[in-house]
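Visitor: Here it is, the structure, as structure tokens.
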Amino acid sequence: MAETKEQKKDKKLGLSRPGKLELKKTVETGQVRQSFSHGRSKMVKVEVRKKRTFAPDAGGHMTEITVEEAQADGAEVFAEAEPDVSEAAAKAAPASSAANLTVEEKAARARALEDAQTSEGTAAEKAAAFQEPVDAEASGEKAFSEKKEALRLSDEEEHRREEQAKAAASAAAAKLEALEEGDEDQKSRIKRGLGREVVKRPSPGRRGEPRRRREGKLTIAEALGDTEERTRSLASIKRAREKEKQQQQQLLSEGQKVVREVVIPENITIQELSNRMAERAGDVIKSLMGMGVMATITQTIDADTAELVVAEFGHKLRRVSAADVELGLKGEEDSEDTLVARAPVVTVMGHVDHGKTSLLDALRETDVAAHESGGITQHIGAYQVTMPSGAKISFIDTPGHAAFTDMRARGASVTDIVVLCVAADDGVMPQTIEAIHHAKAAGAPIIVAINKIDKPGADASKVRTELLQHDLVVEDMGGEILSIEVSATEKTNLDKLEEAILLQAELLDLKANPHRPAEGVIIEAKMEQGRGSVATVLVQRGTLKVGDIFVAGAEWGRIRALVDAHGETLEEAGPAVPVEILGLNGTPAAGDEVAVVESEGRAREVVEFRQGRTRDQKAAAGARGTLEQMFEKINETSELQLLPVVIKADVHGSVEAIMGALDNMATDEVKVHALHAAVGGINESDVTLAKASGALVIGFNVRPNPQARVMAHQDNIEIRYYSIIYNLIDDLKQALSGMLSPTLKENILGYAEIREVFSVSKVGKIAGCMVTEGMVKRGAKVRLIRDDVVIHEGELSQLKRFKDDAKEVKEGTECGMAFANYQDIQQGDRVECFEVEEISREL
């Protein structure tokens with residue numbers, strides 16, 4: 001509690017300037033701050049009145065009583081008051097009835113006596129305090145007034161205690177009298193409440209001493225009484241401390257930045273990055289702009305860019321990889337004890353129309369080539385053939401067309417042996433060279449099969465010589481590469497080719513562990529009506545069984561059926577066995593790895609990660625980038641003309657081949673933009689997309705459903721169907737050629753010389769000319785040449801022969817010419833007449 005006082009200097013009794021009689025003030029004013037719960041306070045104005053006592057002296061005059069006299073009088077009063085209390089307590093308990101008191105009565109009497117003794121001790125202390133000398137002159141009037149006020153308050157406190165002691169003594173006497181008179185009800189009531197009767201505690205001591213906390217439980221008497229002042233609640237104190245703590249933390253945070261550990265995955269959005277750093281997203285975007293990266297709050301950035309941003313904001317970085325979910329997807333390496341011999345995987349590669357599929361037909365004793373569109377293989381096929389000797393060989397047939405480069409590369413990567421099929425009459429061709437490169441890249445041994453030796457003009461030695469240019473030295477020329485001359489149509493030397501394959505496989509010592517979860521690779525994938533997504537899988541190790549849960553790239557599924565190349569249903573497929581699997585949730589990409597997992601949850605986890613990674617990569621690739629990149633894209637788009645198409649094919653390999661061919665056709669001026677390329681039939685969504693973007697729908701070995709066909713007819717959407725990739729590429733190449741801007745060619749028609757210049761009102765200047773070479777045509781472009789310098793290029797507005805308009809004027813003839821929007825012509829100028837011809841371009 002804070003107290004301020006206003007003190008004024010003493011003034012003698014006298015007349016003031018207005019002539020009024022005044023006494024010096026006996027009241028001191030001040031302000032006191034009262035504190036309440038919940039941190040509230042209030043300023044209260046208080047007055048301290050000084051008591052001035054006057055009494056007649058020995059001479060009969062009124063004299064003011066001094067402090068020493070008042071102290072002496074107070075000591076006498078307290079001394080006289082002490083025996084009164086003790087006498088009251090003594091009278092309250094007659095000695096004659098002391099022997100008949102109960103335990104409760106004795107306790108009440110003891111408490112009354114104890115209170116009386118306490119009051120006696122307090123009175124003695126007050127008397128001693130009054131007897132201490134007070135030096136009023138040394139302490140000043142301020143100290144005197146404070147001392148006097150303390151004495152006054154002490155007097156009031158002591159008087160109140162005396163009254164309490166008297167009341168307690170009288171109550172005890174009344175209880176004893178009631179017991180002696182024998183009032184049973186009164187006795188029982190006193191017995192019940194006597195032990196609980198509590199004498200009120202005295203209030204805190206002198207002013208200036210710290211007030212002690214209330215001890216014990218709060219009773220109704222204490223709550224309603226005046227002796228106990230209510231203190232601040234514990235909840236209020238707790239709230240105040242909490243508020244102070246928060247203020248300190250706020251001050252600390254303002255002065256010092258909080259450094260956080262930020263976890264950064266491979267790709268992260270700006271919103272998520274700002275949340276992890278506890279920074280404003282706007283500040284993060286500003287930081288990226290300072291690095292030259294234009295991005296929005298929902299855009300995805302890579303881990304390297306996010307690392308720079310985190311370092312700039314002063315946080316700690318911890319990079320993690322979401323690819324940890326793929327750990328353990330592939331099993332451990334197999335020990336030698338578990339490995340058993342397996343069939344070799346042979347890929348037949350070569351140039352288009354060199355007889356690869358026919359050679360396989362002869363080995364399989366089937367007729368696949370007759371069912372291929374155009375007589376060329378457009379799908380990759382996998383078969384397992386049992387030879388007459390009982391040995392099994394798994395064959396993979398790859399397309400030879402230039403568009404199927406990825407298919408050939410994929411076939412070479414999963415094979416053990418490559419059979420290079422070369423026609424004896426054609427020799428080494430471009431796709432033959434490409435197949436050699438793929439085989440060398442895969443590290444697979446090569447066996448050369450020189451086909452079509454039965455045809456006239458076949459020259460096997462020529463083929464062997466041409467192979468030397470590509471580092472392929474056959475055994476006949478001292479090398480290590482086996483070469484077999486065969487004829488697929490006549491089935492010549494097929495047994496020798498089989499022996500060469502088995503011999504090479506024996507040298508490779510091919511083994512695998514069939515007693516483990518299966519692993520393999522997708523050879524081809526397609527969508528079939530009634531069967532859903534179907535994939536051709538080549539099992540590399542382990543055994544694939546019906547009911548297994550597997551992951552294939554970004555798709556997963558449970559195997560519902562296994563079908564071999566002959567259409568028979570299998571229960572399981574071991575190593576080096578190609579099978580078709582049913583039960584996929586989506587169509588995987590050709591070349592994706594297949595792995596059997598233990599549970600559906602594990603499969604979902606891996607697939608979700610791979611799909612998210614692909615989605616983030618696409619989003620990062622389509623980002624705005626820097627300002628320079630944005631301007632470059634704008635310029636490229638403004639100059640580049642796009643042909644939008646929607647492509648649907650029967651198998652994934654065909655889609656891959658078509659997309660590769662379209663990319664090869666692109667130039668700086670025109671390009672095919674594939675809005676959507678997928679496996680399956682043409683549906684309504686494809687037609688809707690083509691309508692919205694003005695695209696062309698291309699179906700390769702697929703057809704639209706009835707609803708899509710009706711919608712396309714109503715919206716005038718063109719759907720083109722193809723079964724041979726040659727025709728598709730040729731048509732798209734013609735379409736792109738038509739989009740090319742034509743080449744402009746100038747043809748000089750003739751020259752004329754201006755002989756005279758005439759001025760005609762409302763027409764302007766007319767040039768009288770003589771055609772000196774060639775001819776001049778009306779509507780053609782002309783150039784005006786003066787001193788062998790071209791000073792104007794424009795068009796003829798009028799061409800006349802005498803007074804008649806002429807379409808053309810030939811050499812040696814005079815004519816009149818008027819130039820469009822040009823009048824500066826002079827005598828002696830030459831006129832060159834020419835026309836511009838547009839020539840269409842082709843890719």
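Residues in the structure tokens are named by chain (A, B, ... in the order shown) and by number from 1 within that chain; ligands are numbered from 1 in the order shown.
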Can you list, as an mmCIF file with N, CA and C atoms, in the first residue's frame, every protein, DNA or RNA residue that comes within 9 Å of segment 594-608 of chain A when you count only C-alpha atoms, leaving out same-chain residues fewer than 2 positions away?
Guide:
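Result saved to part_15.cif:
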```cif
data_model
loop_
_atom_site.group_PDB
_atom_site.id
_atom_site.type_symbol
_atom_site.label_atom_id
_atom_site.label_comp_id
_atom_site.auth_asym_id
_atom_site.auth_seq_id
_atom_site.Cartn_x
_atom_site.Cartn_y
_atom_site.Cartn_z
ATOM 1 N N ALA A 323 11.749 -42.254 -50.444
ATOM 2 C CA ALA A 323 11.978 -43.541 -51.088
ATOM 3 C C ALA A 323 12.315 -44.638 -50.098
ATOM 4 N N VAL A 325 10.351 -46.129 -48.308
ATOM 5 C CA VAL A 325 9.291 -47.142 -48.330
ATOM 6 C C VAL A 325 9.629 -48.269 -49.311
ATOM 7 N N GLU A 326 10.536 -48.011 -50.243
ATOM 8 C CA GLU A 326 10.902 -49.035 -51.207
ATOM 9 C C GLU A 326 12.025 -49.942 -50.710
ATOM 10 N N LEU A 329 11.968 -53.966 -50.714
ATOM 11 C CA LEU A 329 11.014 -54.465 -51.709
ATOM 12 C C LEU A 329 11.615 -55.641 -52.476
ATOM 13 N N LYS A 330 12.894 -55.516 -52.758
ATOM 14 C CA LYS A 330 13.606 -56.640 -53.363
ATOM 15 C C LYS A 330 14.305 -57.426 -52.262
ATOM 16 N N PRO A 517 9.683 -65.264 -52.946
ATOM 17 C CA PRO A 517 8.696 -64.393 -53.613
ATOM 18 C C PRO A 517 9.196 -63.970 -54.988
ATOM 19 N N ALA A 518 8.286 -63.929 -55.921
ATOM 20 C CA ALA A 518 8.663 -63.718 -57.322
ATOM 21 C C ALA A 518 9.069 -62.276 -57.583
ATOM 22 N N GLU A 519 9.997 -62.149 -58.520
ATOM 23 C CA GLU A 519 10.403 -60.855 -59.053
ATOM 24 C C GLU A 519 10.512 -60.997 -60.565
ATOM 25 N N GLY A 520 10.160 -59.930 -61.284
ATOM 26 C CA GLY A 520 10.210 -59.983 -62.735
ATOM 27 C C GLY A 520 10.134 -58.607 -63.342
ATOM 28 N N VAL A 521 9.788 -58.574 -64.640
ATOM 29 C CA VAL A 521 9.724 -57.313 -65.371
ATOM 30 C C VAL A 521 8.539 -57.378 -66.326
ATOM 31 N N ILE A 522 7.904 -56.217 -66.540
ATOM 32 C CA ILE A 522 6.775 -56.111 -67.462
ATOM 33 C C ILE A 522 7.324 -56.042 -68.890
ATOM 34 N N VAL A 537 4.438 -60.660 -68.191
ATOM 35 C CA VAL A 537 5.520 -60.588 -67.211
ATOM 36 C C VAL A 537 6.498 -61.717 -67.474
ATOM 37 N N VAL A 539 9.158 -63.703 -65.486
ATOM 38 C CA VAL A 539 9.630 -63.963 -64.121
ATOM 39 C C VAL A 539 11.138 -64.169 -64.166
ATOM 40 N N LEU A 544 5.851 -67.124 -59.226
ATOM 41 C CA LEU A 544 4.654 -66.294 -59.208
ATOM 42 C C LEU A 544 3.440 -67.207 -59.126
ATOM 43 N N ASP A 548 -1.148 -64.019 -55.312
ATOM 44 C CA ASP A 548 -0.071 -63.174 -54.790
ATOM 45 C C ASP A 548 -0.423 -61.695 -54.971
ATOM 46 N N ILE A 549 -0.026 -60.890 -53.988
ATOM 47 C CA ILE A 549 -0.167 -59.430 -54.076
ATOM 48 C C ILE A 549 1.175 -58.883 -54.570
ATOM 49 N N PHE A 550 1.124 -58.083 -55.605
ATOM 50 C CA PHE A 550 2.360 -57.632 -56.240
ATOM 51 C C PHE A 550 2.268 -56.146 -56.565
ATOM 52 N N VAL A 551 3.439 -55.568 -56.794
ATOM 53 C CA VAL A 551 3.572 -54.167 -57.198
ATOM 54 C C VAL A 551 4.271 -54.155 -58.546
ATOM 55 N N ALA A 552 3.673 -53.445 -59.515
ATOM 56 C CA ALA A 552 4.260 -53.317 -60.852
ATOM 57 C C ALA A 552 4.348 -51.835 -61.181
ATOM 58 N N GLY A 553 5.530 -51.252 -60.952
ATOM 59 C CA GLY A 553 5.682 -49.821 -61.209
ATOM 60 C C GLY A 553 4.809 -49.016 -60.273
ATOM 61 N N ALA A 554 3.941 -48.185 -60.848
ATOM 62 C CA ALA A 554 3.034 -47.348 -60.056
ATOM 63 C C ALA A 554 1.659 -47.983 -59.911
ATOM 64 N N GLU A 555 1.533 -49.284 -60.180
ATOM 65 C CA GLU A 555 0.264 -49.998 -60.030
ATOM 66 C C GLU A 555 0.490 -51.234 -59.166
ATOM 67 N N TRP A 556 -0.599 -51.738 -58.602
ATOM 68 C CA TRP A 556 -0.522 -52.947 -57.802
ATOM 69 C C TRP A 556 -1.770 -53.784 -58.081
ATOM 70 N N GLY A 557 -1.768 -54.983 -57.595
ATOM 71 C CA GLY A 557 -2.923 -55.842 -57.802
ATOM 72 C C GLY A 557 -2.730 -57.194 -57.141
ATOM 73 N N ARG A 558 -3.757 -57.998 -57.238
ATOM 74 C CA ARG A 558 -3.732 -59.379 -56.752
ATOM 75 C C ARG A 558 -3.964 -60.293 -57.956
ATOM 76 N N ASP A 592 8.469 -51.829 -66.385
ATOM 77 C CA ASP A 592 8.394 -51.698 -64.930
ATOM 78 C C ASP A 592 8.734 -53.015 -64.262
ATOM 79 N N ARG A 610 5.128 -43.900 -55.271
ATOM 80 C CA ARG A 610 5.573 -43.784 -56.660
ATOM 81 C C ARG A 610 4.662 -42.861 -57.456
ATOM 82 N N GLN A 611 3.362 -42.942 -57.217
ATOM 83 C CA GLN A 611 2.452 -42.041 -57.918
ATOM 84 C C GLN A 611 2.675 -40.592 -57.496
ATOM 85 N N GLY A 612 2.900 -40.371 -56.204
ATOM 86 C CA GLY A 612 3.190 -39.016 -55.742
ATOM 87 C C GLY A 612 4.487 -38.477 -56.297
ATOM 88 N N ARG A 613 5.501 -39.341 -56.412
ATOM 89 C CA ARG A 613 6.773 -38.898 -56.981
ATOM 90 C C ARG A 613 6.607 -38.492 -58.443
#
```
Visitor: Using only C-alpha atoms, find each residue in segment 531-604 of chain A having at least one atom no more than 12 Å away from segment 655-663 of chain A; report its shortest atom-to-atom pair and that distance in Å (one decimal), rows by chain then rising number, as CSV.
Guide:
```
residue,atom,partner,partner_atom,distance
A:Ala589,CA,A:Glu656,CA,9.3
A:Ala590,CA,A:Glu656,CA,8.9
A:Gly591,CA,A:Glu656,CA,11.3
```
Visitor: To one decimal in Å, tell me the separation between atom CA of Asp397 of chain A and atom CA of Tyr383 of chain A.
Guide: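 So the answer is 8.4 Å.
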Visitor: Identify, on the basis of only C-alpha atoms, every residue whose closest approach to His652 of chain A does not exceed 6 Å; exclude the query and any residue fewer than 3 positions from it along the same chain; express the result as JSON, numbers by chain.
Guide: {"A": [525, 526, 655, 679]}
Visitor: Which residues are close to Val563 of chain A, i.e. within 10 Å by only C-alpha atoms, leaving aside same-chain residues fewer than 5 positions away? Reply as a list in words.
Guide: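 Neighbouring residues, sequence-local ones excluded: Thr536, Glu568, Thr569, Leu570, Glu571, Glu572, Ala573, Pro578, Val579, Glu580, Ile581 and Leu582 of chain A.
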Visitor: Return the single residue from A:Gly532, A:Lys691, A:Gln117, A:Arg276 that is closest to Ala306 of chain A, with distances computed using only C-alpha atoms.
Guide: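 Nearest to Ala306 of chain A: A:Arg276.
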Visitor: Within segment 593-742 of chain A, find each residue whose DSSP state, derived from the backbone, is helix (DSSP H, G or I), and express the selection as a ChimeraX atom specification.
Guide: /A:600-621,627-639,652-665,684-693,706-715,725-739
Visitor: Name all residues at most 6 Å from segment 802-813 of chain A (count only C-alpha atoms; drop same-chain ones fewer than 5 positions away) and give them as a PyMOL selection string.
Guide: chain A and resi 770-778
Visitor: With N, CA, C and O atoms retained, write the just-selected residues as a PDB file, in the first residue's frame.
Guide:
```
ATOM      1  N   MET A 770       8.248   3.546-121.029  1.00  0.00           N
ATOM      2  CA  MET A 770       8.520   2.655-122.139  1.00  0.00           C
ATOM      3  C   MET A 770       9.014   1.337-121.543  1.00  0.00           C
ATOM      4  O   MET A 770       9.985   1.318-120.780  1.00  0.00           O
ATOM      5  N   VAL A 771       8.311   0.234-121.858  1.00  0.00           N
ATOM      6  CA  VAL A 771       8.711  -1.076-121.351  1.00  0.00           C
ATOM      7  C   VAL A 771       9.956  -1.508-122.119  1.00  0.00           C
ATOM      8  O   VAL A 771       9.897  -1.703-123.336  1.00  0.00           O
ATOM      9  N   THR A 772      11.062  -1.645-121.427  1.00  0.00           N
ATOM     10  CA  THR A 772      12.335  -1.961-122.077  1.00  0.00           C
ATOM     11  C   THR A 772      12.663  -3.437-122.016  1.00  0.00           C
ATOM     12  O   THR A 772      13.471  -3.922-122.826  1.00  0.00           O
ATOM     13  N   GLU A 773      12.063  -4.191-121.070  1.00  0.00           N
ATOM     14  CA  GLU A 773      12.402  -5.611-120.919  1.00  0.00           C
ATOM     15  C   GLU A 773      11.226  -6.325-120.283  1.00  0.00           C
ATOM     16  O   GLU A 773      10.630  -5.823-119.314  1.00  0.00           O
ATOM     17  N   GLY A 774      10.878  -7.496-120.805  1.00  0.00           N
ATOM     18  CA  GLY A 774       9.798  -8.288-120.243  1.00  0.00           C
ATOM     19  C   GLY A 774       8.453  -7.634-120.423  1.00  0.00           C
ATOM     20  O   GLY A 774       8.128  -7.119-121.503  1.00  0.00           O
ATOM     21  N   MET A 775       7.642  -7.606-119.333  1.00  0.00           N
ATOM     22  CA  MET A 775       6.334  -6.982-119.378  1.00  0.00           C
ATOM     23  C   MET A 775       5.985  -6.434-118.005  1.00  0.00           C
ATOM     24  O   MET A 775       6.609  -6.774-116.981  1.00  0.00           O
ATOM     25  N   VAL A 776       4.938  -5.581-118.005  1.00  0.00           N
ATOM     26  CA  VAL A 776       4.456  -4.973-116.767  1.00  0.00           C
ATOM     27  C   VAL A 776       2.988  -5.378-116.609  1.00  0.00           C
ATOM     28  O   VAL A 776       2.206  -5.236-117.553  1.00  0.00           O
ATOM     29  N   LYS A 777       2.628  -5.899-115.380  1.00  0.00           N
ATOM     30  CA  LYS A 777       1.257  -6.337-115.132  1.00  0.00           C
ATOM     31  C   LYS A 777       0.619  -5.458-114.078  1.00  0.00           C
ATOM     32  O   LYS A 777       1.277  -5.034-113.125  1.00  0.00           O
ATOM     33  N   ARG A 778      -0.673  -5.197-114.282  1.00  0.00           N
ATOM     34  CA  ARG A 778      -1.416  -4.421-113.293  1.00  0.00           C
ATOM     35  C   ARG A 778      -1.650  -5.299-112.045  1.00  0.00           C
ATOM     36  O   ARG A 778      -1.989  -6.463-112.152  1.00  0.00           O
TER      37      ARG A 778
END
```
Visitor: Extract, using only C-alpha atoms, all DNA, RNA and protein residues at most 12 Å from segment 664-668 of chain A, discarding same-chain residues fewer than 2 positions from it, and format them as a ChimeraX atom specification.
Guide: /A:402-403,635-643,657-662,670-674,729-737,739-741,842-843
Visitor: Please determine, counting only C-alpha atoms, which residue among A:Gly699, A:Pro445, A:Gly681, A:Gly779 has the shortest atom-to-atom distance to Val645 of chain A.
Guide: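 Selected residue with least distance to Val645 of chain A: A:Gly699.
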Visitor: Could you pull the residues within 12 Å of Leu689 of chain A, counting only C-alpha atoms, minus those fewer than 3 positions along the same chain, as number ranges by chain?
Guide: A: 644-647, 674-677, 682-686, 692-697, 708, 711-712, 715, 717
Visitor: Measuring between only C-alpha atoms, which one of A:Gln34, A:Thr118, A:Val577, A:Asn267 shows the shortest distance to Glu162 of chain A?
Guide: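 Of the candidates, the smallest distance to Glu162 of chain A is held by A:Thr118.
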